[in-house]
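Q: The file below is work-v3.json, JSON, C-alpha atoms:
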```json
[["chain", "number", "residue", "atom", "x", "y", "z"],
["L", 1, "MET", "CA", 10.99, -0.28, -3.17],
["L", 2, "ASP", "CA", 12.65, -1.86, -0.20],
["L", 3, "ASN", "CA", 10.74, -2.44, 3.04],
["L", 4, "ILE", "CA", 12.66, 0.18, 5.01],
["L", 5, "THR", "CA", 11.50, 2.83, 2.54],
["L", 6, "HIS", "CA", 7.93, 1.52, 2.72],
["L", 7, "SER", "CA", 8.05, 1.63, 6.54],
["L", 8, "LEU", "CA", 9.49, 5.15, 6.67],
["L", 9, "PHE", "CA", 6.90, 6.31, 4.13],
["L", 10, "GLY", "CA", 4.09, 4.87, 6.28],
["L", 11, "ALA", "CA", 5.46, 6.62, 9.36],
["L", 12, "THR", "CA", 5.70, 9.87, 7.38],
["L", 13, "LEU", "CA", 2.09, 9.53, 6.22],
["L", 14, "ALA", "CA", 1.07, 9.09, 9.86],
["L", 15, "ARG", "CA", 2.31, 12.65, 10.46],
["L", 16, "THR", "CA", -0.13, 14.05, 7.91],
["L", 17, "PRO", "CA", -3.84, 14.58, 8.61],
["L", 18, "LEU", "CA", -4.28, 10.81, 8.11],
["L", 19, "GLY", "CA", -2.70, 10.37, 11.54],
["L", 20, "ARG", "CA", -5.46, 12.39, 13.16],
["L", 21, "ALA", "CA", -7.92, 9.53, 12.70],
["L", 22, "GLY", "CA", -6.83, 8.24, 16.10],
["L", 23, "ARG", "CA", -4.93, 5.50, 17.86],
["L", 24, "GLY", "CA", -3.77, 2.77, 15.55],
["L", 25, "THR", "CA", -3.23, 4.81, 12.41],
["L", 26, "THR", "CA", 0.57, 4.82, 12.57],
["L", 27, "ALA", "CA", 0.69, 1.07, 13.09],
["L", 28, "ALA", "CA", -1.86, 0.58, 10.30],
["L", 29, "LEU", "CA", 0.11, 2.73, 7.83],
["L", 30, "VAL", "CA", 3.45, 1.08, 8.60],
["L", 31, "LEU", "CA", 2.03, -2.45, 8.47],
["L", 32, "ALA", "CA", -0.07, -1.77, 5.38],
["L", 33, "GLY", "CA", 2.95, -0.20, 3.71],
["L", 34, "ASN", "CA", 4.70, -3.58, 3.98],
["L", 35, "ALA", "CA", 1.74, -5.96, 3.68],
["L", 36, "PRO", "CA", 1.97, -6.68, -0.07],
["L", 37, "ASP", "CA", 5.42, -8.16, 0.43],
["L", 38, "ILE", "CA", 3.83, -11.01, 2.41],
["L", 39, "ASP", "CA", 4.26, -12.84, -0.89],
["L", 40, "ILE", "CA", 7.73, -13.73, 0.40],
["L", 41, "VAL", "CA", 6.09, -16.90, 1.75],
["L", 42, "ALA", "CA", 6.32, -18.15, -1.85],
["L", 43, "THR", "CA", 10.03, -18.79, -1.19],
["L", 44, "ALA", "CA", 8.89, -21.95, 0.59],
["L", 45, "GLY", "CA", 8.25, -23.33, -2.91],
["L", 46, "GLY", "CA", 11.72, -22.37, -4.10],
["L", 47, "SER", "CA", 13.27, -19.47, -5.96],
["L", 48, "LEU", "CA", 11.28, -20.03, -9.13],
["L", 49, "LYS", "CA", 7.96, -19.97, -7.24],
["L", 50, "TYR", "CA", 9.00, -16.79, -5.50],
["L", 51, "LEU", "CA", 9.80, -15.08, -8.81],
["L", 52, "GLU", "CA", 6.50, -16.33, -10.21],
["L", 53, "TRP", "CA", 4.40, -14.95, -7.33],
["L", 54, "HIS", "CA", 6.40, -11.93, -6.16],
["L", 55, "ARG", "CA", 4.55, -8.66, -6.79],
["L", 56, "GLY", "CA", 1.61, -10.69, -8.07],
["L", 57, "PRO", "CA", -1.86, -10.92, -6.48],
["L", 58, "THR", "CA", -0.76, -9.11, -3.33],
["L", 59, "HIS", "CA", 0.01, -6.11, -5.55],
["L", 60, "GLY", "CA", -3.23, -6.30, -7.56],
["L", 61, "PRO", "CA", -6.73, -4.94, -6.90],
["L", 62, "LEU", "CA", -7.88, -7.86, -4.74],
["L", 63, "GLY", "CA", -4.64, -7.77, -2.75],
["L", 64, "ILE", "CA", -4.93, -4.04, -2.13],
["L", 65, "ILE", "CA", -8.44, -4.35, -0.71],
["L", 66, "GLY", "CA", -7.89, -7.67, 1.04],
["L", 67, "LEU", "CA", -4.61, -6.72, 2.68],
["L", 68, "GLY", "CA", -6.08, -3.36, 3.69],
["L", 69, "LEU", "CA", -8.91, -5.13, 5.52],
["L", 70, "VAL", "CA", -6.61, -7.73, 7.09],
["L", 71, "THR", "CA", -4.21, -5.03, 8.30],
["L", 72, "ALA", "CA", -7.09, -3.02, 9.77],
["L", 73, "ALA", "CA", -8.41, -6.12, 11.54],
["L", 74, "LEU", "CA", -4.97, -6.91, 12.98],
["L", 75, "VAL", "CA", -4.43, -3.37, 14.26],
["L", 76, "TYR", "CA", -7.98, -3.11, 15.61],
["L", 77, "GLY", "CA", -7.68, -6.48, 17.37],
["L", 78, "ALA", "CA", -4.21, -5.79, 18.77],
["L", 79, "ARG", "CA", -5.33, -2.42, 20.09],
["L", 80, "ALA", "CA", -8.35, -4.03, 21.80],
["L", 81, "LEU", "CA", -6.10, -6.70, 23.33],
["L", 82, "ILE", "CA", -3.64, -4.08, 24.62],
["L", 83, "ASP", "CA", -6.49, -2.03, 26.10],
["L", 84, "ARG", "CA", -7.88, -5.09, 27.91],
["L", 85, "ARG", "CA", -4.48, -5.95, 29.40],
["L", 86, "ARG", "CA", -3.93, -2.48, 30.84],
["L", 87, "THR", "CA", -4.71, -2.05, 34.48],
["L", 88, "SER", "CA", -8.06, -0.52, 35.31],
["L", 89, "GLY", "CA", -6.44, 2.47, 37.05],
["L", 90, "ALA", "CA", -4.27, 3.45, 34.09],
["L", 91, "THR", "CA", -5.11, 6.49, 32.03],
["L", 92, "TYR", "CA", -4.48, 6.59, 28.31],
["L", 93, "PRO", "CA", -6.01, 8.35, 25.36],
["L", 94, "ARG", "CA", -9.25, 6.89, 24.06],
["L", 95, "ASN", "CA", -9.03, 8.58, 20.68],
["L", 96, "ASN", "CA", -9.24, 5.24, 18.87],
["L", 97, "ALA", "CA", -9.63, 5.12, 15.12],
["L", 98, "SER", "CA", -12.72, 3.13, 14.16],
["L", 99, "PHE", "CA", -12.42, -0.07, 12.16],
["L", 100, "VAL", "CA", -13.79, 1.73, 9.09],
["L", 101, "GLN", "CA", -11.15, 4.46, 9.46],
["L", 102, "LEU", "CA", -8.41, 1.86, 9.91],
["L", 103, "ALA", "CA", -9.66, -0.08, 6.88],
["L", 104, "ALA", "CA", -9.62, 3.04, 4.69],
["L", 105, "ILE", "CA", -6.19, 4.11, 5.94],
["L", 106, "SER", "CA", -4.75, 0.60, 5.61],
["L", 107, "THR", "CA", -6.10, 0.21, 2.08],
["L", 108, "LEU", "CA", -4.52, 3.54, 1.20],
["L", 109, "GLY", "CA", -1.23, 2.35, 2.74],
["L", 110, "VAL", "CA", -1.29, -0.83, 0.62],
["L", 111, "LEU", "CA", -2.14, 1.18, -2.49],
["L", 112, "PHE", "CA", 0.81, 3.50, -1.88],
["L", 113, "HIS", "CA", 3.08, 0.45, -1.53],
["L", 114, "VAL", "CA", 2.02, -0.74, -4.98],
["L", 115, "LEU", "CA", 2.36, 2.74, -6.48],
["L", 116, "MET", "CA", 5.88, 3.04, -5.05],
["L", 117, "ASP", "CA", 6.86, -0.34, -6.55],
["L", 118, "LEU", "CA", 5.51, 0.53, -9.99],
["L", 119, "PRO", "CA", 8.25, 3.04, -11.02],
["L", 120, "THR", "CA", 11.07, 0.64, -10.12],
["L", 121, "SER", "CA", 12.96, -1.37, -12.69],
["L", 122, "TYR", "CA", 11.39, -4.56, -11.28],
["L", 123, "GLY", "CA", 7.81, -3.33, -11.59],
["L", 124, "THR", "CA", 4.73, -5.26, -10.55],
["L", 125, "HIS", "CA", 1.81, -7.37, -11.78],
["L", 126, "LEU", "CA", -0.50, -4.41, -11.28],
["L", 127, "LEU", "CA", -3.71, -6.16, -12.34],
["L", 128, "SER", "CA", -3.09, -9.71, -11.13],
["L", 129, "PRO", "CA", -4.75, -12.15, -10.80],
["L", 130, "PHE", "CA", -6.84, -10.85, -13.71],
["L", 131, "ASP", "CA", -3.86, -9.98, -15.92],
["L", 132, "TRP", "CA", -0.29, -11.19, -15.31],
["L", 133, "HIS", "CA", 1.36, -8.53, -17.45],
["L", 134, "TRP", "CA", 4.38, -6.83, -15.84],
["L", 135, "TYR", "CA", 4.12, -3.08, -15.47],
["L", 136, "ALA", "CA", 7.35, -1.20, -14.77],
["L", 137, "PHE", "CA", 8.24, 2.39, -15.50],
["L", 138, "ASP", "CA", 11.96, 1.81, -14.83],
["L", 139, "TRP", "CA", 12.45, 5.27, -13.36],
["L", 140, "MET", "CA", 14.29, 4.34, -10.20],
["L", 141, "PRO", "CA", 16.17, 1.58, -8.41],
["L", 142, "ILE", "CA", 14.52, -0.62, -5.80],
["L", 143, "ILE", "CA", 16.66, 1.00, -3.10],
["L", 144, "ASP", "CA", 16.70, 4.76, -3.54],
["L", 145, "ILE", "CA", 19.13, 6.38, -1.11],
["L", 146, "TYR", "CA", 17.64, 9.81, -1.75],
["L", 147, "LEU", "CA", 14.17, 8.70, -0.66],
["L", 148, "LEU", "CA", 15.59, 6.80, 2.30],
["L", 149, "GLY", "CA", 17.61, 9.83, 3.37],
["L", 150, "ALA", "CA", 14.72, 12.28, 3.00],
["L", 151, "LEU", "CA", 12.24, 10.06, 4.84],
["L", 152, "ALA", "CA", 14.64, 9.27, 7.68],
["L", 153, "THR", "CA", 15.72, 12.91, 8.06],
["L", 154, "GLY", "CA", 12.14, 14.16, 8.12],
["L", 155, "LEU", "CA", 11.19, 11.65, 10.81],
["L", 156, "VAL", "CA", 14.26, 12.36, 12.95],
["L", 157, "ILE", "CA", 13.76, 16.12, 12.81],
["L", 158, "GLY", "CA", 10.06, 15.68, 13.57],
["L", 159, "GLN", "CA", 10.90, 13.46, 16.54],
["L", 160, "ARG", "CA", 13.36, 15.97, 17.91],
["L", 161, "TRP", "CA", 11.13, 19.02, 17.34],
["L", 162, "SER", "CA", 7.52, 17.87, 17.56],
["L", 163, "GLY", "CA", 6.19, 21.21, 16.33],
["L", 164, "LEU", "CA", 7.82, 20.53, 12.97],
["L", 165, "ARG", "CA", 6.35, 17.06, 12.41],
["L", 166, "GLN", "CA", 3.54, 17.93, 10.05],
["L", 167, "ARG", "CA", 5.54, 20.54, 8.17],
["L", 168, "ASN", "CA", 8.44, 18.11, 7.70],
["L", 169, "ALA", "CA", 6.07, 15.42, 6.48],
["L", 170, "VAL", "CA", 4.76, 17.77, 3.81],
["L", 171, "ILE", "CA", 8.30, 18.80, 2.81],
["L", 172, "VAL", "CA", 9.41, 15.17, 2.54],
["L", 173, "LEU", "CA", 6.34, 14.20, 0.51],
["L", 174, "MET", "CA", 6.98, 17.13, -1.85],
["L", 175, "PHE", "CA", 10.61, 16.04, -2.17],
["L", 176, "MET", "CA", 9.40, 12.54, -3.02],
["L", 177, "LEU", "CA", 7.15, 13.88, -5.76],
["L", 178, "GLY", "CA", 10.04, 15.95, -7.09],
["L", 179, "ASN", "CA", 12.33, 12.92, -7.00],
["L", 180, "TYR", "CA", 9.83, 10.82, -8.93],
["L", 181, "GLY", "CA", 9.29, 13.66, -11.42],
["L", 182, "GLY", "CA", 13.03, 14.18, -11.88],
["L", 183, "ARG", "CA", 13.54, 10.49, -12.50],
["L", 184, "LEU", "CA", 10.71, 10.48, -15.03],
["L", 185, "VAL", "CA", 12.34, 13.34, -16.93],
["L", 186, "ALA", "CA", 15.77, 11.65, -16.78],
["L", 187, "HIS", "CA", 14.24, 8.37, -18.01],
["L", 188, "GLU", "CA", 12.51, 10.09, -20.92],
["L", 189, "ARG", "CA", 15.74, 11.89, -21.88],
["L", 190, "ALA", "CA", 17.67, 8.61, -21.73],
["L", 191, "ILE", "CA", 15.11, 6.90, -23.96],
["L", 192, "ALA", "CA", 15.17, 9.82, -26.43]]
```
In structure tokens, how does this file's structure come out?
A:
Amino acid sequence: MDNITHSLFGATLARTPLGRAGRGTTAALVLAGNAPDIDIVATAGGSLKYLEWHRGPTHGPLGIIGLGLVTAALVYGARALIDRRRTSGATYPRNNASFVQLAAISTLGVLFHVLMDLPTSYGTHLLSPFDWHWYAFDWMPIIDIYLLGALATGLVIGQRWSGLRQRNAVIVLMFMLGNYGGRLVAHERAIA
């Protein structure tokens, strides 16, 4: 999936009960939802190196756990820095998510990134660095306008009418499941 879809999905997840963990969860979910694509730094070695490393270890078991912890540490540290820079007379919510909560939520965000990449035609090295086999279900394109539209619409409506945020998040997530299921059925019919 493209990074806009990953970002919108993270923001949508933040409107589910995951977001109740406290301050920092939205940032953690959005950042974690994009973290595996840090492998873009491989472009420094040229196009061939990028193709060799893209959706590799950052999309495998070690990457999921490692990037989840790094994302949690970044969010936790940034939140602490912001809190220190605020003036002493300012009031703001202290409902901070703990590091453990941020680590769990971030790891989940990275895992969802990988699971969203898996059904694309490009696929991923799901088990790297232990196994470099490509796994791809080839159900959907990398940029899915239906997912983008549903995610963006759900977030806009939830922003405009805050009472509908959680309900819209559930509706959008159900639409996503239906979209994936419909594409699976269409793929199986095409193969048959």
Q: Point out the residue among L:Gly10, L:Trp134, L:Ile64, L:Arg85 with the least atom-to-atom distance to Ala103 in chain L, counting only C-alpha atoms.
A: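 Smallest distance to Ala103 in chain L is found for L:Ile64.
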Q: For a test of reading the model, state the distance in Å between CA of Val170 in chain L and CA of Ala186 in chain L, rounded to one decimal.
A: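 Interatomic distance here is 24.1 Å.
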Q: Kindly extract all protein, DNA and RNA residues lying within 10 Å of the coordinates (4.3, -10.6, 0.9) given in the file, considering all atoms listed in the file, and supply them as a PyMOL selection string.
A: chain L and resi 34-42+53-59+67
Q: Could you state the separation of CA of Leu155 in chain L and CA of Met116 in chain L in Å, given to one decimal place?
A: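 Separating CA of Leu155 in chain L from CA of Met116 in chain L is a distance of 18.8 Å.
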Q: Please check which residues have atoms at most 7 Å from (0.3, 0.4, 1.6) in the file's coordinates, counting only C-alpha atoms, and write them as a count of residues only.
A: 14
Q: Once you add 5 Å to each side, what are the centre and edge lengths of the axis-aligned box holding all listed atoms of range 97-105 of chain L? One decimal in Å, as AutoDock Vina command-line options, if you can.
A:
```
--center_x -10.0 --center_y 2.5 --center_z 9.9 --size_x 17.6 --size_y 15.2 --size_z 20.4
```
Q: Go through L:Leu62, L:Ala152, L:Leu115, L:Ala27 one by one, measure the shortest atom-to-atom distance of each to Arg79 in chain L using all atoms listed in the file, and give the residue with the smallest value.
A: L:Ala27
Q: What does the structure give for the distance between CA of Arg167 in chain L and CA of Leu151 in chain L, in Å to one decimal?
A: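 Taking CA of Arg167 in chain L as the start and CA of Leu151 in chain L as the end point, the length is 12.9 Å.
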Q: Pick out the closest residue to Thr26 in chain L from this set: L:Gly68, L:Phe9, L:Ala150, L:Met174. Count all atoms listed in the file.
A: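 Ranking L:Gly68, L:Phe9, L:Ala150, L:Met174 by distance to Thr26 in chain L, first place goes to L:Phe9.
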Q: Between L:Thr5, L:Gly66, L:Arg86, L:Gly22, single out the one closest to Met176 in chain L, counting only C-alpha atoms.
A: L:Thr5
Q: Skipping near chain neighbours, those fewer than 5 positions away, what residues fall within 12 Å of range 144-148 of chain L using all atoms listed in the file, listed as a count of residues only?
A: 30
Q: Rank L:Glu52, L:Gly149, L:Asn168, L:Gly45 by their smallest atom-to-atom distance to Leu13 in chain L, using all atoms listed in the file, and report the top residue only.
A: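 Among L:Glu52, L:Gly149, L:Asn168, L:Gly45, it is L:Asn168 that comes nearest to Leu13 in chain L.
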Q: Which of these residues is nearest to Met140 in chain L, using only C-alpha atoms: L:Ala169, L:Ala28, L:Val100, L:Leu184?
A: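 Nearest candidate to Met140 in chain L out of L:Ala169, L:Ala28, L:Val100, L:Leu184: L:Leu184.
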Q: Using all atoms listed in the file, determine which residues lie at most 12 Å from Arg23 in chain L, disregarding the query and same-chain residues fewer than 5 positions distant; provide the list as a PyMOL selection string.
A: chain L and resi 14+18+28-29+72+75-76+78-80+82-83+92-99+101-102
Q: Write the residues of the selection above to a file with C-alpha atoms, as a PDB file, in the coordinates of the input.
A:
```
ATOM      1  CA  ALA L  14       1.070   9.090   9.860  1.00  0.00           C
ATOM      2  CA  LEU L  18      -4.280  10.810   8.110  1.00  0.00           C
ATOM      3  CA  ALA L  28      -1.860   0.580  10.300  1.00  0.00           C
ATOM      4  CA  LEU L  29       0.110   2.730   7.830  1.00  0.00           C
ATOM      5  CA  ALA L  72      -7.090  -3.020   9.770  1.00  0.00           C
ATOM      6  CA  VAL L  75      -4.430  -3.370  14.260  1.00  0.00           C
ATOM      7  CA  TYR L  76      -7.980  -3.110  15.610  1.00  0.00           C
ATOM      8  CA  ALA L  78      -4.210  -5.790  18.770  1.00  0.00           C
ATOM      9  CA  ARG L  79      -5.330  -2.420  20.090  1.00  0.00           C
ATOM     10  CA  ALA L  80      -8.350  -4.030  21.800  1.00  0.00           C
ATOM     11  CA  ILE L  82      -3.640  -4.080  24.620  1.00  0.00           C
ATOM     12  CA  ASP L  83      -6.490  -2.030  26.100  1.00  0.00           C
ATOM     13  CA  TYR L  92      -4.480   6.590  28.310  1.00  0.00           C
ATOM     14  CA  PRO L  93      -6.010   8.350  25.360  1.00  0.00           C
ATOM     15  CA  ARG L  94      -9.250   6.890  24.060  1.00  0.00           C
ATOM     16  CA  ASN L  95      -9.030   8.580  20.680  1.00  0.00           C
ATOM     17  CA  ASN L  96      -9.240   5.240  18.870  1.00  0.00           C
ATOM     18  CA  ALA L  97      -9.630   5.120  15.120  1.00  0.00           C
ATOM     19  CA  SER L  98     -12.720   3.130  14.160  1.00  0.00           C
ATOM     20  CA  PHE L  99     -12.420  -0.070  12.160  1.00  0.00           C
ATOM     21  CA  GLN L 101     -11.150   4.460   9.460  1.00  0.00           C
ATOM     22  CA  LEU L 102      -8.410   1.860   9.910  1.00  0.00           C
TER      23      LEU L 102
END
```
